[in-house]
$ cat data_17.pdb   # PDB, C-alpha atoms
ATOM      1  CA  MET A   1      15.073   2.384  55.469
ATOM      2  CA  THR A   2      11.798   4.174  54.839
ATOM      3  CA  ASP A   3       9.345   3.609  52.063
ATOM      4  CA  ALA A   4       8.832   6.333  49.479
ATOM      5  CA  PRO A   5       6.016   8.711  50.369
ATOM      6  CA  LEU A   6       2.633   7.829  48.950
ATOM      7  CA  GLU A   7       1.183   9.902  46.153
ATOM      8  CA  SER A   8      -1.527  12.331  47.021
ATOM      9  CA  PRO A   9      -4.865  11.763  45.296
ATOM     10  CA  GLN A  10      -4.111  14.784  43.072
ATOM     11  CA  GLU A  11      -0.715  13.346  42.073
ATOM     12  CA  THR A  12      -2.306   9.994  41.320
ATOM     13  CA  LEU A  13      -4.968  11.689  39.207
ATOM     14  CA  LEU A  14      -2.345  13.632  37.241
ATOM     15  CA  ARG A  15      -0.268  10.473  36.683
ATOM     16  CA  LEU A  16      -3.288   8.512  35.483
ATOM     17  CA  ARG A  17      -4.407  11.337  33.200
ATOM     18  CA  ALA A  18      -0.915  11.564  31.693
ATOM     19  CA  SER A  19      -1.100   7.850  30.947
ATOM     20  CA  ILE A  20      -4.525   8.280  29.333
ATOM     21  CA  ASP A  21      -3.204  11.184  27.248
ATOM     22  CA  ASN A  22      -0.331   9.010  26.015
ATOM     23  CA  ILE A  23      -2.700   6.195  25.105
ATOM     24  CA  ASP A  24      -4.993   8.629  23.259
ATOM     25  CA  ALA A  25      -2.026   9.949  21.269
ATOM     26  CA  ALA A  26      -0.990   6.410  20.360
ATOM     27  CA  LEU A  27      -4.549   5.597  19.256
ATOM     28  CA  VAL A  28      -4.675   8.659  17.003
ATOM     29  CA  TYR A  29      -1.377   7.729  15.363
ATOM     30  CA  LEU A  30      -2.489   4.105  14.962
ATOM     31  CA  LEU A  31      -5.763   5.209  13.367
ATOM     32  CA  ALA A  32      -3.858   7.489  11.001
ATOM     33  CA  GLU A  33      -1.639   4.559  10.001
ATOM     34  CA  ARG A  34      -4.702   2.360   9.529
ATOM     35  CA  PHE A  35      -6.336   4.945   7.282
ATOM     36  CA  ARG A  36      -3.152   5.283   5.206
ATOM     37  CA  ALA A  37      -3.320   1.524   4.585
ATOM     38  CA  THR A  38      -7.037   1.555   3.791
ATOM     39  CA  GLN A  39      -6.529   4.485   1.390
ATOM     40  CA  GLN A  40      -4.133   2.288  -0.549
ATOM     41  CA  VAL A  41      -6.792  -0.446  -0.577
ATOM     42  CA  GLY A  42      -9.332   2.095  -1.860
ATOM     43  CA  GLN A  43      -7.018   3.196  -4.666
ATOM     44  CA  LEU A  44      -6.403  -0.421  -5.651
ATOM     45  CA  LYS A  45     -10.137  -1.115  -5.664
ATOM     46  CA  ALA A  46     -10.804   1.993  -7.749
ATOM     47  CA  ARG A  47      -8.138   1.067 -10.333
ATOM     48  CA  HIS A  48      -9.631  -2.398 -10.719
ATOM     49  CA  GLU A  49     -13.307  -1.404 -10.428
ATOM     50  CA  MET A  50     -13.746  -3.473  -7.304
ATOM     51  CA  PRO A  51     -16.567  -2.900  -4.800
ATOM     52  CA  ALA A  52     -15.933  -0.400  -2.026
ATOM     53  CA  SER A  53     -17.192  -2.795   0.632
ATOM     54  CA  ASP A  54     -16.535  -6.460   1.230
ATOM     55  CA  PRO A  55     -19.266  -7.788   3.525
ATOM     56  CA  GLN A  56     -17.603 -11.208   3.910
ATOM     57  CA  ARG A  57     -14.299  -9.615   5.009
ATOM     58  CA  GLU A  58     -16.188  -7.320   7.382
ATOM     59  CA  GLU A  59     -17.986 -10.287   8.994
ATOM     60  CA  GLN A  60     -14.657 -12.068   9.476
ATOM     61  CA  GLN A  61     -13.127  -8.954  11.012
ATOM     62  CA  VAL A  62     -16.053  -8.456  13.388
ATOM     63  CA  ALA A  63     -15.702 -12.033  14.627
ATOM     64  CA  ARG A  64     -11.929 -11.638  14.994
ATOM     65  CA  LEU A  65     -12.209  -8.312  16.821
ATOM     66  CA  ARG A  66     -14.935  -9.582  19.135
ATOM     67  CA  ALA A  67     -12.665 -12.493  20.108
ATOM     68  CA  LEU A  68      -9.739 -10.122  20.646
ATOM     69  CA  ALA A  69     -11.947  -7.867  22.760
ATOM     70  CA  GLU A  70     -13.034 -10.766  24.928
ATOM     71  CA  ALA A  71      -9.408 -11.842  25.406
ATOM     72  CA  ALA A  72      -8.505  -8.262  26.347
ATOM     73  CA  HIS A  73     -11.472  -7.961  28.750
ATOM     74  CA  LEU A  74     -13.059  -5.281  26.562
ATOM     75  CA  ASP A  75     -16.777  -5.295  25.815
ATOM     76  CA  PRO A  76     -17.124  -7.093  22.435
ATOM     77  CA  GLU A  77     -20.176  -4.941  21.632
ATOM     78  CA  PHE A  78     -18.039  -1.828  22.011
ATOM     79  CA  ALA A  79     -15.311  -3.324  19.801
ATOM     80  CA  GLU A  80     -17.888  -4.120  17.118
ATOM     81  CA  LYS A  81     -19.400  -0.625  17.281
ATOM     82  CA  TRP A  82     -15.919   0.891  16.969
ATOM     83  CA  PHE A  83     -15.133  -1.342  13.979
ATOM     84  CA  ASN A  84     -18.423  -0.522  12.253
ATOM     85  CA  PHE A  85     -17.769   3.196  12.739
ATOM     86  CA  VAL A  86     -14.275   2.898  11.249
ATOM     87  CA  VAL A  87     -15.435   0.715   8.348
ATOM     88  CA  ALA A  88     -18.169   3.204   7.440
ATOM     89  CA  GLU A  89     -15.504   5.897   7.148
ATOM     90  CA  VAL A  90     -13.214   3.608   5.150
ATOM     91  CA  ILE A  91     -16.016   2.752   2.711
ATOM     92  CA  ARG A  92     -16.778   6.451   2.320
ATOM     93  CA  HIS A  93     -13.120   7.021   1.417
ATOM     94  CA  HIS A  94     -13.199   4.099  -1.028
ATOM     95  CA  VAL A  95     -16.290   5.461  -2.743
ATOM     96  CA  GLU A  96     -14.629   8.879  -2.987
ATOM     97  CA  ALA A  97     -11.542   7.210  -4.495
ATOM     98  CA  GLY A  98     -13.768   5.768  -7.189
ATOM     99  CA  ALA A  99     -14.345   2.212  -6.047
ATOM    100  CA  THR A 100     -17.825   1.025  -6.848
ATOM    101  CA  GLY A 101     -20.380   1.419  -4.124
ATOM    102  CA  GLU A 102     -22.041  -1.963  -4.523
ATOM    103  CA  GLN A 103     -20.861  -5.547  -4.736
ATOM    104  CA  ARG A 104     -20.635  -6.791  -8.335
ATOM    105  CA  SER A 105     -21.748 -10.251  -9.361
TER     106      SER A 105
END
$ encode --input "data_17.pdb" --output "structure tokens"
Amino acid sequence: MTDAPLESPQETLLRLRASIDNIDAALVYLLAERFRATQQVGQLKARHEMPASDPQREEQQVARLRALAEAAHLDPEFAEKWFNFVVAEVIRHHVEAGATGEQRS
């Protein structure tokens, strides 16, 4: 019995790129789902005149995501930068939806 022939470097590259493309597609769909959920949060906040941002929640999420990143062997700094980028966009959407821009006392 013979082993299957090895992939050429070009075949390996194409296989790896196809995997990356699939992951990118999944990420886009996951982000879209996340934004659908945060739009609902923004509408709720707007209806009840709640602040667009929640610094305490954001701090908790940063800590949680940094821990997840470490467990996944992903740079926690990168995970935090990604989260901050996404949250800035979410807050922009919340402000557009009519939630207040600042925390109320």
$ residues_around --input "data_17.pdb" --residues "segment 93-99 of chain A" --least-positions-apart "2" --cutoff "6 Å" --atoms "all atoms listed in the file" --output "PDB file with C-alpha atoms, keeping the file's coordinate frame"
ATOM      1  CA  GLY A  42      -9.332   2.095  -1.860  1.00  0.00           C
ATOM      2  CA  LYS A  45     -10.137  -1.115  -5.664  1.00  0.00           C
ATOM      3  CA  ALA A  46     -10.804   1.993  -7.749  1.00  0.00           C
ATOM      4  CA  GLU A  49     -13.307  -1.404 -10.428  1.00  0.00           C
ATOM      5  CA  MET A  50     -13.746  -3.473  -7.304  1.00  0.00           C
ATOM      6  CA  PRO A  51     -16.567  -2.900  -4.800  1.00  0.00           C
ATOM      7  CA  ALA A  52     -15.933  -0.400  -2.026  1.00  0.00           C
ATOM      8  CA  VAL A  90     -13.214   3.608   5.150  1.00  0.00           C
ATOM      9  CA  ILE A  91     -16.016   2.752   2.711  1.00  0.00           C
ATOM     10  CA  GLY A 101     -20.380   1.419  -4.124  1.00  0.00           C
TER      11      GLY A 101
END
$ resolve_selection --input "data_17.pdb" --expression "the PyMOL selection byres ((chain A and resi 57-73) around 12)" --output "JSON, numbers by chain"
{"A": [52, 53, 54, 55, 56, 74, 75, 76, 77, 78, 79, 80, 81, 82, 83, 84, 85, 86, 87, 88, 90, 91]}
$ write_last_selection --input "data_17.pdb" --atoms "C-alpha atoms" --output "short mmCIF file (atom, residue, chain, number, x, y, z; two decimals), in the frame of the given file"
data_model
loop_
_atom_site.label_atom_id
_atom_site.label_comp_id
_atom_site.auth_asym_id
_atom_site.auth_seq_id
_atom_site.Cartn_x
_atom_site.Cartn_y
_atom_site.Cartn_z
CA ALA A 52 -15.93 -0.40 -2.03
CA SER A 53 -17.19 -2.80 0.63
CA ASP A 54 -16.54 -6.46 1.23
CA PRO A 55 -19.27 -7.79 3.52
CA GLN A 56 -17.60 -11.21 3.91
CA LEU A 74 -13.06 -5.28 26.56
CA ASP A 75 -16.78 -5.30 25.82
CA PRO A 76 -17.12 -7.09 22.44
CA GLU A 77 -20.18 -4.94 21.63
CA PHE A 78 -18.04 -1.83 22.01
CA ALA A 79 -15.31 -3.32 19.80
CA GLU A 80 -17.89 -4.12 17.12
CA LYS A 81 -19.40 -0.62 17.28
CA TRP A 82 -15.92 0.89 16.97
CA PHE A 83 -15.13 -1.34 13.98
CA ASN A 84 -18.42 -0.52 12.25
CA PHE A 85 -17.77 3.20 12.74
CA VAL A 86 -14.28 2.90 11.25
CA VAL A 87 -15.44 0.72 8.35
CA ALA A 88 -18.17 3.20 7.44
CA VAL A 90 -13.21 3.61 5.15
CA ILE A 91 -16.02 2.75 2.71
#
$ atom_distance --input "data_17.pdb" --atom1 "atom CA of Thr38 of chain A" --atom2 "atom CA of Glu89 of chain A"
10.1 Å
$ atom_distance --input "data_17.pdb" --atom1 "atom CA of Val28 of chain A" --atom2 "atom CA of Arg47 of chain A"
28.6 Å
$ atom_distance --input "data_17.pdb" --atom1 "atom CA of Ala37 of chain A" --atom2 "atom CA of Arg92 of chain A"
14.5 Å
